[in-house]
Structures are given as structure tokens and as C-alpha cells.
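What follows is a short report on a single structure.
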Amino acid sequence: MQRRVYLDSASTTNIHPEVLSAYKQLLDRYYVNSESLYDEGAEISRMLEKARSAVAGLLGVKGNEIIFTGGSSESNSMAIKGVPLALPGKKHIITTQTEHSSIMNACRQMERLFGYDVTYLPVTEQGSVKVQDVKKALREDTALVSIMYANNETGALNPVPEIAEYIKKNSHAYFHSDLTQAIGKTEVSLDNIDLASISAHKLEGLKGSGILVKKTHVPMEPLISGGAQEEGLRGGTSNAVVNMMFARTLRLALENRKKYEGQIRRLHDILVQGLKQLPGVELNSPESGLPCTVNFSYEAIPSEVMQNALNRKGYLISARSTCEAHSDNPSYVLQAMGFSDRRASSCIRVSISRHNAEGEIRGFLAALKEICDKYGEI
């Protein structure tokens with residue numbers, strides 16, 4: 001049987017054994033509604049709030065600033081829609097041209113249905129937004145600025161701490177950052193960040209699990225109306241056991257980041273050096289980006305063809321965000337970085353995790369070379 005090598009951890013991750021074991025143990029026992037007034041419901045409610053406080057402690061925020069959600073896409077929508085809708089008279093939103101589709105589509109919906117003016121800031125060839133461009137775009141009626149910490153396709157890092165500090169000191173706008181690809185992979189601080197989105201399944205946690213950090217001073221209209229759950233901002237019966245697991249997931253991810261960062265950096269360097277030796281391969285990820293994410297193009301072979309060829313050799317990779325995987329369009333992230341349509345239509349994303357080994361990276365490079373030699377002519 002052909003060995004399968006997973007190099008797509010930016011898309012999703014396997015569940016950590018400790019998380020899975022704890023989840024299974026809790027699932028049978030703690031099934032009642034956490035809002036119930038009888039003893040079992042009260043017990044689950046206490047456990048849920050303990051987990052919420054643990055998540056808050058890991059992130060350096062208050063317990064009532066953690067809203068459990070179904071994942072980062074929901075968290076992003078809550079921020080992009082919920083904050084501006086709570087600020088009558090402020091009809092301007094700022095974001096970038098390289099955000100995740102959940103941000104982009106939420107902004108377009110705010111434009112189309114509610115008449116908001118959205119500024120989509122350009123990025124450099126390195127994939128990051130300029131602080132000066134954010135400063136110039138701010139207006140008196142800017143309700144929200146949303147800029148991701150790390151890009152999901154290229155690993156490019158935005159100067160979020162500097163942007164957040166400037167907005168806090170010089171604007172009445174609120175600042176949101178999508179931390180989905182950054183948390184557990186690089187040092188992240190929530191200082192001056194008003195809202196932040198995190199998804200568990202990127203961190204060896206459960207799918208359908210996420211949080212929105214919303215600082216107490218931030219106004220917000222709920223997207224899901226219901227009862228008093230999640231500070232009245234997300235109605236519906238709590239998925240209590242899944243939410244409880246978020247604390248353990250986040251703790252393990254933060255511990256493993258420090259433990260395995262050297263290993264991931266070494267694998268990154270082997271991969272990048274190998275790619276540089278292949279004629280016709282163009283690196284799209286900046287050197288200063290996340291070491292776990294490497295994006296490259298080989299223009300003679302379109303992304304989907306290359307993905308299928310690598311799949312047949314046992315290597316599981318993506319071309320762009322998995323949320324855009326079925327699109328035939330060029331990567332809008334690479335287009336925003338100034339690359340040609342052809343280059344943006346032939347990109348491949350390799351994402352490394354602590355579970356990968358040097359032999360897997362070298363095997364991938366050998367398979368890639370064989371495919372390029374056989375099918376590619378630039």
C-alpha cells in the first residue's frame with residue numbers, strides 16, 4: 001500500500017490524542033443542556049465556565065471576553081457584521097485584499113445589503129499590508145479594521161501589533177484580527193486587539209469549534225438571536241463538551257509551538273532550499289513568513305493538475321485556501337501580491353507540522369522534480 005504523506009496542516013489537523021480521549025470520556029456523561037436548572041446542568045455550566053476562564057488565561061484576556069463559536073469563519077462574520085451594525089452612522093470598514101474568504105465575503109455582503117463602504121488595502125510583493133496605508137485609510141466614520149495576523153495561503157505576517165497600537169491611540173475604530181493561521185505557530189499578543197478569531201481544528205482540536213475574543217468595551221449586534229448564551233451574542237444550546245475541549249486544545253498548541261519550532265524551521269529550510277534548486281519553480285512565500293507554510297508556483301503545470309499528480313504519488317497538499325479549493329480562478333492572494341495570472345493559477349501550498357519528518361520533505365521534493373521533468377516545459 002502506498003504511503004500517504006500529509007503536508008496540508010494549514011487546511012486542518014488530526015485531533016490530538018489527549019483532546020480526543022478527553023472528549024470521548026466527557027461525551028457520554030455530560031449530555032444535558034448546560035442551561036438546565038437541575039444539578040447536572042449546573043455542573044456542566046460550571047465546567048464550561050472553567051474552560052472559558054482557562055482559554056482567557058492562556059490568551060491574557062477576561063473570561064467574559066471569550067465567545068464560543070463554530071469556528072473562525074463564524075467568528076469572522078460576527079466581527080465584520082456585528083460590530084459595524086452596532087455603530088449607527090459609521091459606515092466604513094477597512095480590510096486587505098488578501099484576507100480569508102470568510103472576511104472578504106462578509107465585507108461584500110455589508111457593501112451589497114447594508115450600503116457600507118469597504119476599503120480593501122493592497123499588499124506588498126511580500127504579501128503584507130503597509131502600516132502607512134492603514135493610517136491613510138482611516139476615517140471618522142470607520143467602524144472596524146480587520147487585518148489577519150498571518151496569511152493562510154502564503155504564511156505572510158502582517159505588522160498587526162503596530163497597526164493595532166496606532167488604531168487604539170489615533171482612532172475610534174475597533175480592530176479585529178483573524179488569528180486562525182498564527183496562533184500556535186508564532187508569538188501572538190492580544191494587546192490593543194479588540195476582537196480576534198481562532199479555530200480549534202487548525203490546532204489539533206475538534207472541527208466545528210472556535211472562539212471570538214471580544215473585549216468588553218466593544219459593542220456588537222448578535223448574528224444568531226436567541227437566549228442569554230455567550231453574553232447574549234450567540235443564541236442556541238451550547239455545544240458544551242466541544243467548547244470545554246477548546247481550553248485543552250489551545251494549551252497543547254501553545255506548548256507544542258515552543259517545543260517543535262526548531263524542527264519545523266529545519267524542515268522549512270530543507271524544503272525551500274530544495275525548491276530553489278528546481279528549474280522553473282518560483283517561491284511565493286516571503287522569507288519572513290511562517291516557517292510552516294511554503295507557497296510556490298511551477299507555471300507549466302496548473303495547480304489542480306499538480307495537486308492530482310502529487311496525490312497519485314502519495315503527497316497531500318493544497319493549492320490555496322481549502323475554502324477556495326474548488327474554484328478554477330487564480331489565487332486572489334497571489335494576484336494581490338502582483339504576480340501574474342499564470343503564476344497565481346499554478347501555485348501549490350505545502351504546510352508542515354510537527355508530525356512531518358525530513359525524509360517526507362525530501363521525498364516530496366523528489367516527487368515534485370519527477371513530475372516537473374515529465375510534464376513541465378516552461
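Here's how to read the names in the C-alpha cells: chain A, B, ... by the order shown, residue numbers from 1 in each chain, ligand numbers from 1 in the order shown.
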
>> Just list as a ChimeraX atom specification whatever in region 234-285 of chain A DSSP marks as helix (DSSP H, G or I).
In response: /A:240-276

>> At a cut-off of 6 Å, using only C-alpha atoms, what residues contact region 90-101 of chain A? Leave out same-chain residues fewer than 3 positions from it and give the result as a list in words.
In response: Leu87, Met104, Asn105, Tyr116, Asp117, Val118, Thr119, Tyr120, Leu121, Pro122, Asp141, Thr142, Ala143, Leu144, Val145, Ser146, Ile147 and Val333 of chain A

>> What's around region 124-131 of chain A at 12 Å? Count only C-alpha atoms, leave out sequence neighbours fewer than 5 positions away in its own chain, and write the answer as a PyMOL selection string.
In response: chain A and resi 94-99+136-138+146-167+283-290+295+332-340

> Expressed in Å to a single decimal, how great is the separation between CA of Leu27 (chain A) and CA of Ile224 (chain A)?
Replying inline: 25.2 Å

>> What's around Gly71 (chain A) at 6 Å? Count only C-alpha atoms, leave out sequence neighbours fewer than 4 positions away in its own chain, and write the answer as a PyMOL selection string.
In response: chain A and resi 199+208-210

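With only C-alpha atoms as the atoms that count, the minimum distance from Gly82 (chain A) to the choices A:Arg46, A:Arg29, A:Arg234, A:His172 is reached by A:Arg234.
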
>> Set the distance at 12 Å and use only C-alpha atoms: which residues neighbour Glu35 (chain A) once local chain neighbours fewer than 5 positions away are removed? I'd like the list as a ChimeraX atom specification.
In response: /A:40-46,48-49,227-230,235-240

Next, the residues of the selection above should be written as a PDB file, in the first residue's frame with N, CA, C and O atoms.
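Listed below is the output, part_26.pdb:
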```pdb
ATOM      1  N   GLU A  40     -27.289  18.404  37.189  1.00  0.00           N
ATOM      2  CA  GLU A  40     -26.425  18.009  36.075  1.00  0.00           C
ATOM      3  C   GLU A  40     -26.134  19.191  35.148  1.00  0.00           C
ATOM      4  O   GLU A  40     -25.011  19.362  34.674  1.00  0.00           O
ATOM      5  N   GLY A  41     -27.166  19.992  34.873  1.00  0.00           N
ATOM      6  CA  GLY A  41     -26.983  21.170  34.035  1.00  0.00           C
ATOM      7  C   GLY A  41     -26.060  22.183  34.683  1.00  0.00           C
ATOM      8  O   GLY A  41     -25.201  22.788  34.026  1.00  0.00           O
ATOM      9  N   ALA A  42     -26.239  22.371  35.994  1.00  0.00           N
ATOM     10  CA  ALA A  42     -25.384  23.311  36.722  1.00  0.00           C
ATOM     11  C   ALA A  42     -23.926  22.854  36.722  1.00  0.00           C
ATOM     12  O   ALA A  42     -23.000  23.670  36.626  1.00  0.00           O
ATOM     13  N   GLU A  43     -23.720  21.542  36.804  1.00  0.00           N
ATOM     14  CA  GLU A  43     -22.357  21.008  36.780  1.00  0.00           C
ATOM     15  C   GLU A  43     -21.683  21.282  35.448  1.00  0.00           C
ATOM     16  O   GLU A  43     -20.524  21.711  35.385  1.00  0.00           O
ATOM     17  N   ILE A  44     -22.399  21.037  34.363  1.00  0.00           N
ATOM     18  CA  ILE A  44     -21.840  21.302  33.039  1.00  0.00           C
ATOM     19  C   ILE A  44     -21.563  22.789  32.865  1.00  0.00           C
ATOM     20  O   ILE A  44     -20.520  23.183  32.312  1.00  0.00           O
ATOM     21  N   SER A  45     -22.479  23.615  33.348  1.00  0.00           N
ATOM     22  CA  SER A  45     -22.287  25.059  33.240  1.00  0.00           C
ATOM     23  C   SER A  45     -21.019  25.499  33.967  1.00  0.00           C
ATOM     24  O   SER A  45     -20.250  26.320  33.451  1.00  0.00           O
ATOM     25  N   ARG A  46     -20.781  24.939  35.146  1.00  0.00           N
ATOM     26  CA  ARG A  46     -19.564  25.282  35.895  1.00  0.00           C
ATOM     27  C   ARG A  46     -18.316  24.838  35.133  1.00  0.00           C
ATOM     28  O   ARG A  46     -17.318  25.572  35.057  1.00  0.00           O
ATOM     29  N   LEU A  48     -18.031  24.411  31.931  1.00  0.00           N
ATOM     30  CA  LEU A  48     -17.905  25.245  30.744  1.00  0.00           C
ATOM     31  C   LEU A  48     -17.265  26.585  31.089  1.00  0.00           C
ATOM     32  O   LEU A  48     -16.375  27.072  30.369  1.00  0.00           O
ATOM     33  N   GLU A  49     -17.699  27.184  32.187  1.00  0.00           N
ATOM     34  CA  GLU A  49     -17.134  28.471  32.579  1.00  0.00           C
ATOM     35  C   GLU A  49     -15.687  28.334  33.042  1.00  0.00           C
ATOM     36  O   GLU A  49     -14.881  29.249  32.853  1.00  0.00           O
ATOM     37  N   GLY A 227     -31.291  33.015  23.272  1.00  0.00           N
ATOM     38  CA  GLY A 227     -31.307  33.269  24.700  1.00  0.00           C
ATOM     39  C   GLY A 227     -30.099  34.060  25.160  1.00  0.00           C
ATOM     40  O   GLY A 227     -29.520  34.842  24.409  1.00  0.00           O
ATOM     41  N   ALA A 228     -29.710  33.809  26.402  1.00  0.00           N
ATOM     42  CA  ALA A 228     -28.627  34.592  27.012  1.00  0.00           C
ATOM     43  C   ALA A 228     -27.257  33.951  26.836  1.00  0.00           C
ATOM     44  O   ALA A 228     -26.274  34.427  27.401  1.00  0.00           O
ATOM     45  N   GLN A 229     -27.196  32.885  26.033  1.00  0.00           N
ATOM     46  CA  GLN A 229     -25.918  32.204  25.862  1.00  0.00           C
ATOM     47  C   GLN A 229     -24.859  33.146  25.283  1.00  0.00           C
ATOM     48  O   GLN A 229     -25.164  34.016  24.485  1.00  0.00           O
ATOM     49  N   GLU A 230     -23.622  32.924  25.694  1.00  0.00           N
ATOM     50  CA  GLU A 230     -22.472  33.695  25.165  1.00  0.00           C
ATOM     51  C   GLU A 230     -22.715  35.198  25.256  1.00  0.00           C
ATOM     52  O   GLU A 230     -22.606  35.937  24.270  1.00  0.00           O
ATOM     53  N   GLY A 235     -27.045  32.951  20.269  1.00  0.00           N
ATOM     54  CA  GLY A 235     -28.115  32.139  20.808  1.00  0.00           C
ATOM     55  C   GLY A 235     -28.000  30.682  20.410  1.00  0.00           C
ATOM     56  O   GLY A 235     -27.323  30.334  19.443  1.00  0.00           O
ATOM     57  N   GLY A 236     -28.681  29.822  21.151  1.00  0.00           N
ATOM     58  CA  GLY A 236     -28.673  28.396  20.863  1.00  0.00           C
ATOM     59  C   GLY A 236     -28.041  27.594  21.978  1.00  0.00           C
ATOM     60  O   GLY A 236     -27.192  28.100  22.715  1.00  0.00           O
ATOM     61  N   THR A 237     -28.464  26.354  22.100  1.00  0.00           N
ATOM     62  CA  THR A 237     -27.919  25.474  23.131  1.00  0.00           C
ATOM     63  C   THR A 237     -26.411  25.304  22.952  1.00  0.00           C
ATOM     64  O   THR A 237     -25.938  25.002  21.857  1.00  0.00           O
ATOM     65  N   SER A 238     -25.677  25.497  24.013  1.00  0.00           N
ATOM     66  CA  SER A 238     -24.223  25.404  23.958  1.00  0.00           C
ATOM     67  C   SER A 238     -23.761  23.996  23.612  1.00  0.00           C
ATOM     68  O   SER A 238     -24.280  23.007  24.140  1.00  0.00           O
ATOM     69  N   ASN A 239     -22.778  23.909  22.737  1.00  0.00           N
ATOM     70  CA  ASN A 239     -22.117  22.628  22.457  1.00  0.00           C
ATOM     71  C   ASN A 239     -21.046  22.460  23.532  1.00  0.00           C
ATOM     72  O   ASN A 239     -19.847  22.572  23.281  1.00  0.00           O
ATOM     73  N   ALA A 240     -21.521  22.190  24.741  1.00  0.00           N
ATOM     74  CA  ALA A 240     -20.700  22.341  25.938  1.00  0.00           C
ATOM     75  C   ALA A 240     -19.419  21.516  25.923  1.00  0.00           C
ATOM     76  O   ALA A 240     -18.335  22.030  26.219  1.00  0.00           O
TER      77      ALA A 240
END
```

>> What's around Ile183 (chain A) at 10 Å? Count only C-alpha atoms, leave out sequence neighbours fewer than 4 positions away in its own chain, and write the answer as a PyMOL selection string.
In response: chain A and resi 59+149-150+178-179+187-189+197-199+202-203+250+253-254+257

Let me see the file: selected residues, N, CA, C and O atoms, as an mmCIF file, in the first residue's frame.
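What follows is the written file result-v2.cif:
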```
data_model
loop_
_atom_site.group_PDB
_atom_site.id
_atom_site.type_symbol
_atom_site.label_atom_id
_atom_site.label_comp_id
_atom_site.auth_asym_id
_atom_site.auth_seq_id
_atom_site.Cartn_x
_atom_site.Cartn_y
_atom_site.Cartn_z
ATOM 1 N N LEU A 59 -4.811 33.378 26.802
ATOM 2 C CA LEU A 59 -4.741 34.485 25.847
ATOM 3 C C LEU A 59 -4.525 35.841 26.516
ATOM 4 O O LEU A 59 -4.350 36.846 25.827
ATOM 5 N N TYR A 149 -3.550 38.169 11.011
ATOM 6 C CA TYR A 149 -2.203 38.126 11.575
ATOM 7 C C TYR A 149 -1.244 37.431 10.615
ATOM 8 O O TYR A 149 -0.144 37.914 10.359
ATOM 9 N N ALA A 150 -1.673 36.286 10.092
ATOM 10 C CA ALA A 150 -0.850 35.513 9.156
ATOM 11 C C ALA A 150 -1.720 35.023 8.018
ATOM 12 O O ALA A 150 -2.846 34.570 8.240
ATOM 13 N N ASP A 178 -7.850 38.137 12.398
ATOM 14 C CA ASP A 178 -8.060 36.702 12.228
ATOM 15 C C ASP A 178 -6.746 36.007 12.590
ATOM 16 O O ASP A 178 -5.758 36.111 11.869
ATOM 17 N N LEU A 179 -6.756 35.300 13.718
ATOM 18 C CA LEU A 179 -5.543 34.640 14.211
ATOM 19 C C LEU A 179 -5.465 33.169 13.809
ATOM 20 O O LEU A 179 -4.595 32.443 14.292
ATOM 21 N N GLU A 187 4.498 33.809 17.862
ATOM 22 C CA GLU A 187 4.140 34.548 19.069
ATOM 23 C C GLU A 187 3.032 35.540 18.741
ATOM 24 O O GLU A 187 3.126 36.310 17.796
ATOM 25 N N VAL A 188 1.974 35.513 19.530
ATOM 26 C CA VAL A 188 0.823 36.390 19.294
ATOM 27 C C VAL A 188 0.460 37.104 20.586
ATOM 28 O O VAL A 188 0.385 36.485 21.646
ATOM 29 N N SER A 189 0.244 38.403 20.485
ATOM 30 C CA SER A 189 -0.213 39.193 21.631
ATOM 31 C C SER A 189 -1.536 39.850 21.279
ATOM 32 O O SER A 189 -1.715 40.347 20.165
ATOM 33 N N SER A 197 -10.206 36.069 16.088
ATOM 34 C CA SER A 197 -10.842 34.802 15.724
ATOM 35 C C SER A 197 -9.828 33.668 15.764
ATOM 36 O O SER A 197 -8.707 33.801 15.279
ATOM 37 N N ILE A 198 -10.262 32.517 16.345
ATOM 38 C CA ILE A 198 -9.413 31.327 16.422
ATOM 39 C C ILE A 198 -10.271 30.097 16.161
ATOM 40 O O ILE A 198 -11.418 30.030 16.607
ATOM 41 N N SER A 199 -9.704 29.122 15.456
ATOM 42 C CA SER A 199 -10.409 27.882 15.139
ATOM 43 C C SER A 199 -9.657 26.687 15.710
ATOM 44 O O SER A 199 -8.436 26.585 15.565
ATOM 45 N N LYS A 202 -7.517 23.851 13.438
ATOM 46 C CA LYS A 202 -6.176 24.174 12.946
ATOM 47 C C LYS A 202 -5.113 23.856 13.999
ATOM 48 O O LYS A 202 -3.919 23.928 13.719
ATOM 49 N N LEU A 203 -5.570 23.503 15.211
ATOM 50 C CA LEU A 203 -4.682 23.331 16.356
ATOM 51 C C LEU A 203 -4.763 21.926 16.943
ATOM 52 O O LEU A 203 -4.532 21.732 18.131
ATOM 53 N N LEU A 250 -6.042 24.540 23.016
ATOM 54 C CA LEU A 250 -5.210 25.741 22.948
ATOM 55 C C LEU A 250 -3.956 25.586 23.801
ATOM 56 O O LEU A 250 -2.858 25.951 23.362
ATOM 57 N N ALA A 253 -1.512 23.353 21.997
ATOM 58 C CA ALA A 253 -0.961 24.019 20.811
ATOM 59 C C ALA A 253 0.120 25.025 21.187
ATOM 60 O O ALA A 253 1.165 25.120 20.523
ATOM 61 N N LEU A 254 -0.114 25.782 22.253
ATOM 62 C CA LEU A 254 0.868 26.778 22.680
ATOM 63 C C LEU A 254 2.124 26.096 23.221
ATOM 64 O O LEU A 254 3.245 26.561 22.987
ATOM 65 N N ARG A 257 4.088 24.624 20.205
ATOM 66 C CA ARG A 257 4.739 25.622 19.348
ATOM 67 C C ARG A 257 6.188 25.812 19.773
ATOM 68 O O ARG A 257 7.113 25.803 18.949
#
```

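Checking A:Gln132, A:Ser351, A:Gln2, A:Ser34 one by one against Cys292 (chain A), counting only C-alpha atoms, you find the shortest gap at A:Ser351.
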
> Which value, in Å to one decimal, gives the distance between CA of Val134 (chain A) and CA of Ala56 (chain A)?
Replying inline: 28.6 Å

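By chain and then residue number, the residues within 9 Å of Ile371 (chain A) are Met306, Ala309 and Leu310 of chain A, counting only C-alpha atoms and disregarding those fewer than 6 positions away in sequence.
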
>> Here is a test: counting only C-alpha atoms, which residue of A:Met110, A:Leu20, A:Leu58, A:Leu368 is nearest to Lys313 (chain A)?
In response: A:Leu368

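Among the residues of region 40-193 of chain A, backbone DSSP assigns strand (DSSP E) to Ile66, Ile67, Phe68, Thr69, His92, Ile93, Ile94, Thr95, Thr96, Asp117, Val118, Thr119, Tyr120, Leu121, Thr142, Ala143, Leu144, Val145, Ser146, Tyr174, Phe175, His176, Ser177 and Asp178 of chain A.
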
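Take the candidates A:Asn256, A:Thr249, A:Ser345, A:Asn329 and check each one against Ala22 (chain A) using only C-alpha atoms; the shortest distance goes to A:Thr249.
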
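Of the residues listed (A:Ala10, A:Ile301, A:Leu37, A:Leu223), A:Ala10 shows the shortest atom-to-atom separation from Ala182 (chain A); distances use only C-alpha atoms.
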
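Distances to Pro302 (chain A) were evaluated for A:Met245, A:Gln263, A:Gly376, A:Thr180 using only C-alpha atoms, and the minimum falls at A:Gly376.
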
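Note that CA of Ala200 (chain A) and CA of Lys81 (chain A) are 22.0 Å apart.
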